[in-house]
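Only one structure is covered here, and it is reproduced in the block below.
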Amino acid sequence: MQALIDIDQLDLYYGDFQALKKVSLDIPEKAITAFIGPSGCGKSTLLRTLNRMNDMIPGTRIEGSIKVSGKDIYSSDVDVETLRKKVGMVFQQPNPFPKSIYDNVAYGPRLHGIADKQRLDEIVESSLRAAVLWDEVKDHLKRSALGISGGQQQRLCIARALAVEPDVLLMDESTSALDPISTLKIEELAQELKKRYTIVMVTHNMHQAARVSNQTVFFLNGEVIEYAETEKLFSNP
Ligand code: ADP
Ligand code: ADP
């Protein structure tokens, strides 16, 4: 598997507290990498370093490097907005904006200057199709996003992330607030999306990591204690 992201000797401090310790890791392109481990071991923290969301937490300091396609994303000439456009994120709780379904998906493209109605229509449709939500919402795109089910809202959040054409999709326990059927739908969707995107998902569910990921990374107390191809980890010798 070809690495897209290369993390080398990464330390992260929240003030005096060290949340990541000498993390070195390759994340392969167009595959699903699962971060697994107990609560508080640094999974979300590492995920948030990949689109520099940690920049928003005052007192956070990092050492070491993260390269995406060979380019250090913490070097001074990196434009954080451009980086965030390339690295979309989906959170634990579905968090659609209190706007219409259409406006949720069109939000990112509009932010990046796309105003043409026909172009926006195309992006909204293709993003909703990619998130396997189009058929369920195509007849009421003007309705509030808050009126659809939790599972649909989470697929809408995925569509919203895809609408700006990212390379990487980060999923932070994106199924843990959902019922089992909605969870399976998102897992199937992730399998489909990995053909086009590099996916990193935080999960505390070993079965989910075994079901969907190509690579599994085990965390404990801020350290990566093991990582390998999922097939090798979970196959019986
Ligand atoms: P989760 O288990 O879903 O990661 P947490 O309760 O650990 O939820 O964290 C919720 C939010 O609070 C996160 O944004 C995290 O960054 C922040 N947080 C967690 N621990 C601390 C802490 N010790 N001090 C300040 N913020 C924290
Ligand atoms: P996980 O995702 O594995 O549950 P986190 O990355 O959320 O773990 O948290 C790792 C450690 O960092 C925890 O001890 C947590 O309390 C702490 N932490 C997380 N966010 C913050 C924050 N904003 N400020 C201070 N400590 C934090």
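Ordering of the structure tokens sets the chain letters (A, B, ...), residue numbers begin anew at 1 in every chain, and ligands are numbered from 1 in the order given.
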Query raised in the report: If you count only C-alpha atoms, which residues fall within 6 Å of Val87 in chain A, apart from same-chain ones fewer than 2 positions away, as a PyMOL selection string?
Result: chain A and resi 51+84-85+166+168-169
Closest atom pairs, residues of chain A within 10 Å of ligand 2, only C-alpha atoms and all ligand atoms, as a Markdown table:
```
| residue | atom | partner | partner_atom_place_in_ligand_line | distance |
| --- | --- | --- | --- | --- |
| A:Leu12 | CA | ligand 2 | 12 (O) | 9.2 |
| A:Tyr13 | CA | ligand 2 | 26 (N) | 8.3 |
| A:Tyr14 | CA | ligand 2 | 25 (C) | 4.9 |
| A:Gly15 | CA | ligand 2 | 25 (C) | 7.3 |
| A:Asp16 | CA | ligand 2 | 25 (C) | 9.1 |
| A:Phe17 | CA | ligand 2 | 26 (N) | 7.0 |
| A:Gln18 | CA | ligand 2 | 12 (O) | 7.6 |
| A:Ala19 | CA | ligand 2 | 12 (O) | 4.8 |
| A:Leu20 | CA | ligand 2 | 10 (C) | 7.7 |
| A:Phe35 | CA | ligand 2 | 3 (O) | 8.5 |
| A:Ile36 | CA | ligand 2 | 3 (O) | 7.8 |
| A:Gly37 | CA | ligand 2 | 3 (O) | 6.4 |
| A:Pro38 | CA | ligand 2 | 3 (O) | 6.1 |
| A:Ser39 | CA | ligand 2 | 4 (O) | 3.7 |
| A:Gly40 | CA | ligand 2 | 8 (O) | 3.4 |
| A:Cys41 | CA | ligand 2 | 3 (O) | 3.8 |
| A:Gly42 | CA | ligand 2 | 6 (O) | 3.3 |
| A:Lys43 | CA | ligand 2 | 3 (O) | 3.9 |
| A:Ser44 | CA | ligand 2 | 2 (O) | 3.6 |
| A:Thr45 | CA | ligand 2 | 6 (O) | 3.6 |
| A:Leu46 | CA | ligand 2 | 6 (O) | 6.6 |
| A:Leu47 | CA | ligand 2 | 6 (O) | 8.0 |
| A:Arg48 | CA | ligand 2 | 6 (O) | 8.4 |
| A:Asn54 | CA | ligand 2 | 23 (N) | 8.0 |
| A:Met56 | CA | ligand 2 | 23 (N) | 9.1 |
| A:Ile57 | CA | ligand 2 | 23 (N) | 5.8 |
| A:Pro58 | CA | ligand 2 | 23 (N) | 8.0 |
| A:Gly59 | CA | ligand 2 | 24 (N) | 8.2 |
| A:Thr60 | CA | ligand 2 | 24 (N) | 7.8 |
| A:Asp172 | CA | ligand 2 | 2 (O) | 8.1 |
| A:Glu173 | CA | ligand 2 | 2 (O) | 8.9 |
| A:Val202 | CA | ligand 2 | 2 (O) | 7.4 |
| A:Thr203 | CA | ligand 2 | 2 (O) | 8.7 |
| A:His204 | CA | ligand 2 | 3 (O) | 8.5 |
| A:Phe219 | CA | ligand 2 | 3 (O) | 7.5 |
| A:Leu220 | CA | ligand 2 | 3 (O) | 8.2 |
| A:Asn221 | CA | ligand 2 | 10 (C) | 7.8 |
| A:Gly222 | CA | ligand 2 | 10 (C) | 6.9 |
```
Requested write-out: N, CA, C and O atoms of the selected residues, as a compact mmCIF listing (two decimals), in the first residue's frame:
```txt
# COMPACT_ATOMS: atom_id res chain seq x y z
N LEU A 12 2.94 15.49 20.94
CA LEU A 12 1.97 16.60 21.07
C LEU A 12 1.73 16.86 22.55
O LEU A 12 1.50 15.93 23.33
N TYR A 13 1.81 18.14 22.91
CA TYR A 13 1.60 18.55 24.30
C TYR A 13 0.39 19.47 24.38
O TYR A 13 0.24 20.38 23.57
N TYR A 14 -0.50 19.21 25.38
CA TYR A 14 -1.51 20.19 25.77
C TYR A 14 -0.94 20.86 27.02
O TYR A 14 -1.00 20.29 28.10
N GLY A 15 -0.33 22.03 26.87
CA GLY A 15 0.36 22.62 28.02
C GLY A 15 1.47 21.69 28.46
O GLY A 15 2.34 21.35 27.66
N ASP A 16 1.44 21.25 29.71
CA ASP A 16 2.48 20.36 30.22
C ASP A 16 2.17 18.89 29.97
O ASP A 16 3.02 18.02 30.18
N PHE A 17 0.92 18.62 29.57
CA PHE A 17 0.52 17.22 29.42
C PHE A 17 0.86 16.70 28.03
O PHE A 17 0.50 17.30 27.02
N GLN A 18 1.60 15.58 27.98
CA GLN A 18 1.98 15.02 26.69
C GLN A 18 0.95 13.98 26.25
O GLN A 18 0.83 12.92 26.85
N ALA A 19 0.20 14.33 25.19
CA ALA A 19 -0.88 13.45 24.74
C ALA A 19 -0.45 12.48 23.66
O ALA A 19 -1.06 11.43 23.48
N LEU A 20 0.61 12.82 22.90
CA LEU A 20 1.16 11.90 21.91
C LEU A 20 2.66 11.78 22.12
O LEU A 20 3.35 12.78 22.32
N PHE A 35 -7.99 3.81 13.84
CA PHE A 35 -7.28 4.08 15.10
C PHE A 35 -8.12 3.46 16.21
O PHE A 35 -9.29 3.80 16.36
N ILE A 36 -7.50 2.59 16.98
CA ILE A 36 -8.28 1.92 18.02
C ILE A 36 -7.51 1.97 19.35
O ILE A 36 -6.28 2.05 19.36
N GLY A 37 -8.24 1.92 20.46
CA GLY A 37 -7.60 1.96 21.78
C GLY A 37 -8.58 2.54 22.78
O GLY A 37 -9.61 3.08 22.41
N PRO A 38 -8.25 2.44 24.07
CA PRO A 38 -9.17 2.91 25.11
C PRO A 38 -9.37 4.42 25.07
O PRO A 38 -8.58 5.15 24.48
N SER A 39 -10.42 4.88 25.73
CA SER A 39 -10.73 6.31 25.79
C SER A 39 -9.56 7.06 26.41
O SER A 39 -8.93 6.61 27.36
N GLY A 40 -9.23 8.20 25.81
CA GLY A 40 -8.18 9.05 26.37
C GLY A 40 -6.77 8.70 25.96
O GLY A 40 -5.81 9.26 26.48
N CYS A 41 -6.59 7.78 24.99
CA CYS A 41 -5.23 7.34 24.64
C CYS A 41 -4.63 8.17 23.50
O CYS A 41 -3.50 7.91 23.09
N GLY A 42 -5.37 9.14 22.95
CA GLY A 42 -4.77 10.04 21.97
C GLY A 42 -5.26 9.87 20.54
O GLY A 42 -4.75 10.54 19.64
N LYS A 43 -6.26 9.03 20.31
CA LYS A 43 -6.73 8.77 18.94
C LYS A 43 -7.27 10.04 18.26
O LYS A 43 -6.85 10.38 17.15
N SER A 44 -8.18 10.73 18.96
CA SER A 44 -8.76 11.95 18.37
C SER A 44 -7.69 13.03 18.21
O SER A 44 -7.71 13.79 17.25
N THR A 45 -6.80 13.08 19.18
CA THR A 45 -5.73 14.07 19.12
C THR A 45 -4.90 13.87 17.85
O THR A 45 -4.64 14.83 17.12
N LEU A 46 -4.53 12.64 17.56
CA LEU A 46 -3.74 12.40 16.34
C LEU A 46 -4.56 12.71 15.09
O LEU A 46 -4.06 13.35 14.16
N LEU A 47 -5.84 12.32 15.12
CA LEU A 47 -6.71 12.61 13.97
C LEU A 47 -6.74 14.11 13.70
O LEU A 47 -6.63 14.55 12.56
N ARG A 48 -6.88 14.88 14.79
CA ARG A 48 -7.00 16.35 14.62
C ARG A 48 -5.70 17.01 14.17
O ARG A 48 -5.74 18.14 13.68
N ASN A 54 -5.94 20.93 15.75
CA ASN A 54 -5.29 21.18 17.04
C ASN A 54 -4.76 22.60 17.15
O ASN A 54 -4.56 23.10 18.25
N MET A 56 -6.40 25.07 16.85
CA MET A 56 -7.45 25.88 17.48
C MET A 56 -7.45 25.74 19.00
O MET A 56 -8.19 26.44 19.68
N ILE A 57 -6.67 24.78 19.53
CA ILE A 57 -6.66 24.58 20.98
C ILE A 57 -5.44 25.30 21.55
O ILE A 57 -4.30 24.89 21.32
N PRO A 58 -5.66 26.42 22.28
CA PRO A 58 -4.53 27.20 22.78
C PRO A 58 -3.62 26.35 23.68
O PRO A 58 -4.11 25.48 24.40
N GLY A 59 -2.34 26.58 23.62
CA GLY A 59 -1.39 25.87 24.47
C GLY A 59 -0.94 24.54 23.90
O GLY A 59 -0.18 23.82 24.53
N THR A 60 -1.42 24.21 22.68
CA THR A 60 -1.01 22.95 22.07
C THR A 60 0.29 23.14 21.30
O THR A 60 0.47 24.13 20.61
N ASP A 172 -14.31 10.67 13.08
CA ASP A 172 -14.03 10.53 14.51
C ASP A 172 -15.20 9.85 15.21
O ASP A 172 -16.15 10.51 15.61
N GLU A 173 -15.12 8.54 15.33
CA GLU A 173 -16.21 7.74 15.92
C GLU A 173 -17.54 8.09 15.28
O GLU A 173 -18.55 8.28 15.97
N VAL A 202 -11.43 6.89 13.63
CA VAL A 202 -11.26 6.54 15.04
C VAL A 202 -12.45 5.68 15.43
O VAL A 202 -13.59 5.99 15.11
N THR A 203 -12.16 4.57 16.10
CA THR A 203 -13.25 3.73 16.59
C THR A 203 -12.80 3.11 17.91
O THR A 203 -11.62 2.96 18.15
N HIS A 204 -13.77 2.80 18.78
CA HIS A 204 -13.36 2.01 19.94
C HIS A 204 -13.90 0.58 19.79
O HIS A 204 -13.88 -0.20 20.72
N PHE A 219 -3.49 2.20 19.90
CA PHE A 219 -2.94 3.25 20.76
C PHE A 219 -3.05 2.85 22.23
O PHE A 219 -4.01 2.19 22.63
N LEU A 220 -2.09 3.29 23.01
CA LEU A 220 -2.19 3.17 24.47
C LEU A 220 -1.39 4.31 25.08
O LEU A 220 -0.21 4.50 24.74
N ASN A 221 -2.03 5.08 25.95
CA ASN A 221 -1.35 6.18 26.64
C ASN A 221 -0.52 7.08 25.73
O ASN A 221 0.63 7.40 26.06
N GLY A 222 -1.08 7.46 24.61
CA GLY A 222 -0.39 8.40 23.72
C GLY A 222 0.65 7.78 22.82
O GLY A 222 1.30 8.49 22.05
```
Report task. Give me the residues within 12 Å of Leu193 in chain A as a PyMOL selection string, counting only C-alpha atoms and dropping any in the same chain fewer than 2 places off. Result -> chain A and resi 29-32+127+129-132+158-159+162+166-170+186-191+195-200+212
Next, the residues of the selection above should be written as a compact mmCIF listing (two decimals), in the first residue's frame with N, CA and C atoms.
```txt
# COMPACT_ATOMS: atom_id res chain seq x y z
N GLU A 29 -2.67 5.34 0.99
CA GLU A 29 -3.60 6.06 0.12
C GLU A 29 -4.75 5.14 -0.30
N LYS A 30 -5.94 5.72 -0.46
CA LYS A 30 -7.11 4.97 -0.93
C LYS A 30 -7.29 3.64 -0.19
N ALA A 31 -7.32 3.78 1.12
CA ALA A 31 -7.52 2.64 2.00
C ALA A 31 -8.12 3.20 3.29
N ILE A 32 -8.59 2.31 4.16
CA ILE A 32 -9.13 2.75 5.44
C ILE A 32 -8.17 2.36 6.54
N SER A 127 -22.52 14.82 -4.65
CA SER A 127 -22.07 14.56 -3.27
C SER A 127 -23.09 13.71 -2.52
N ARG A 129 -25.22 11.68 -3.89
CA ARG A 129 -25.15 10.33 -4.48
C ARG A 129 -23.97 9.56 -3.88
N ALA A 130 -22.83 10.21 -3.80
CA ALA A 130 -21.65 9.54 -3.25
C ALA A 130 -21.88 9.11 -1.80
N ALA A 131 -22.69 9.86 -1.07
CA ALA A 131 -22.98 9.52 0.33
C ALA A 131 -24.22 8.61 0.45
N VAL A 132 -24.70 8.11 -0.70
CA VAL A 132 -25.87 7.23 -0.76
C VAL A 132 -27.07 7.81 0.00
N ILE A 158 -21.30 13.58 5.67
CA ILE A 158 -20.30 13.01 4.77
C ILE A 158 -20.40 13.70 3.40
N ALA A 159 -21.63 13.87 2.90
CA ALA A 159 -21.82 14.57 1.62
C ALA A 159 -21.26 15.99 1.69
N LEU A 162 -17.59 15.78 1.37
CA LEU A 162 -17.14 15.39 0.02
C LEU A 162 -17.30 16.52 -1.00
N PRO A 166 -12.23 16.63 -1.11
CA PRO A 166 -11.02 16.37 -0.30
C PRO A 166 -10.26 15.16 -0.84
N ASP A 167 -9.03 15.00 -0.39
CA ASP A 167 -8.29 13.76 -0.67
C ASP A 167 -8.47 12.78 0.49
N VAL A 168 -8.62 13.37 1.68
CA VAL A 168 -8.64 12.56 2.90
C VAL A 168 -9.94 12.83 3.64
N LEU A 169 -10.51 11.77 4.20
CA LEU A 169 -11.71 11.91 5.01
C LEU A 169 -11.41 11.36 6.41
N LEU A 170 -11.56 12.22 7.41
CA LEU A 170 -11.33 11.82 8.79
C LEU A 170 -12.68 11.55 9.44
N ILE A 186 -23.14 3.24 7.05
CA ILE A 186 -21.95 4.10 6.99
C ILE A 186 -20.71 3.23 6.71
N GLU A 187 -20.66 2.04 7.29
CA GLU A 187 -19.52 1.15 7.04
C GLU A 187 -19.46 0.75 5.57
N GLU A 188 -20.61 0.43 4.99
CA GLU A 188 -20.66 0.08 3.56
C GLU A 188 -20.24 1.27 2.71
N LEU A 189 -20.71 2.43 3.13
CA LEU A 189 -20.37 3.66 2.42
C LEU A 189 -18.86 3.89 2.45
N ALA A 190 -18.26 3.68 3.62
CA ALA A 190 -16.80 3.87 3.75
C ALA A 190 -16.04 2.93 2.81
N GLN A 191 -16.53 1.70 2.69
CA GLN A 191 -15.91 0.73 1.77
C GLN A 191 -15.92 1.24 0.34
N LYS A 195 -12.35 3.79 -2.41
CA LYS A 195 -11.84 3.68 -3.78
C LYS A 195 -11.35 5.03 -4.28
N ARG A 196 -11.93 6.10 -3.71
CA ARG A 196 -11.56 7.45 -4.17
C ARG A 196 -10.84 8.29 -3.13
N TYR A 197 -11.01 7.94 -1.86
CA TYR A 197 -10.46 8.78 -0.79
C TYR A 197 -9.63 7.95 0.17
N THR A 198 -8.72 8.65 0.85
CA THR A 198 -7.97 8.03 1.94
C THR A 198 -8.76 8.30 3.21
N ILE A 199 -9.11 7.24 3.92
CA ILE A 199 -9.98 7.39 5.09
C ILE A 199 -9.23 7.00 6.37
N VAL A 200 -9.35 7.86 7.37
CA VAL A 200 -8.83 7.52 8.69
C VAL A 200 -9.99 7.57 9.66
N VAL A 212 -14.02 -3.20 8.57
CA VAL A 212 -13.90 -2.21 7.49
C VAL A 212 -12.49 -1.77 7.14
```
**Report entry** Nearest to Val164 in chain A, chosen from A:Gln152, A:Ser24, A:Gln208, A:Ser126, with only C-alpha atoms counted in the distances
**Finding:** A:Ser126
Requested in this report: List the neighbours of Asp179 in chain A out to 9 Å using only C-alpha atoms; skip same-chain residues closer than 4 positions along the sequence, and give me the result as a list in words.
Outcome: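 Near neighbours after the sequence-gap exclusion: Gly150, Gly151, Thr175, Thr183 and Leu184 of chain A.
Taking atom 10 (C, counted along the ligand's line) of ligand 1 and CA of Gln154 in chain A as endpoints, the distance between them is 18.7 Å.
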**Report entry** Atomic distance atom 20 (N, counted along the ligand's line) of ligand 1 - CA of Ala34 in chain A, expressed in Å with one decimal
**Finding:**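 Computing the Euclidean distance for atom 20 (N, counted along the ligand's line) of ligand 1 and CA of Ala34 in chain A yields 21.0 Å.
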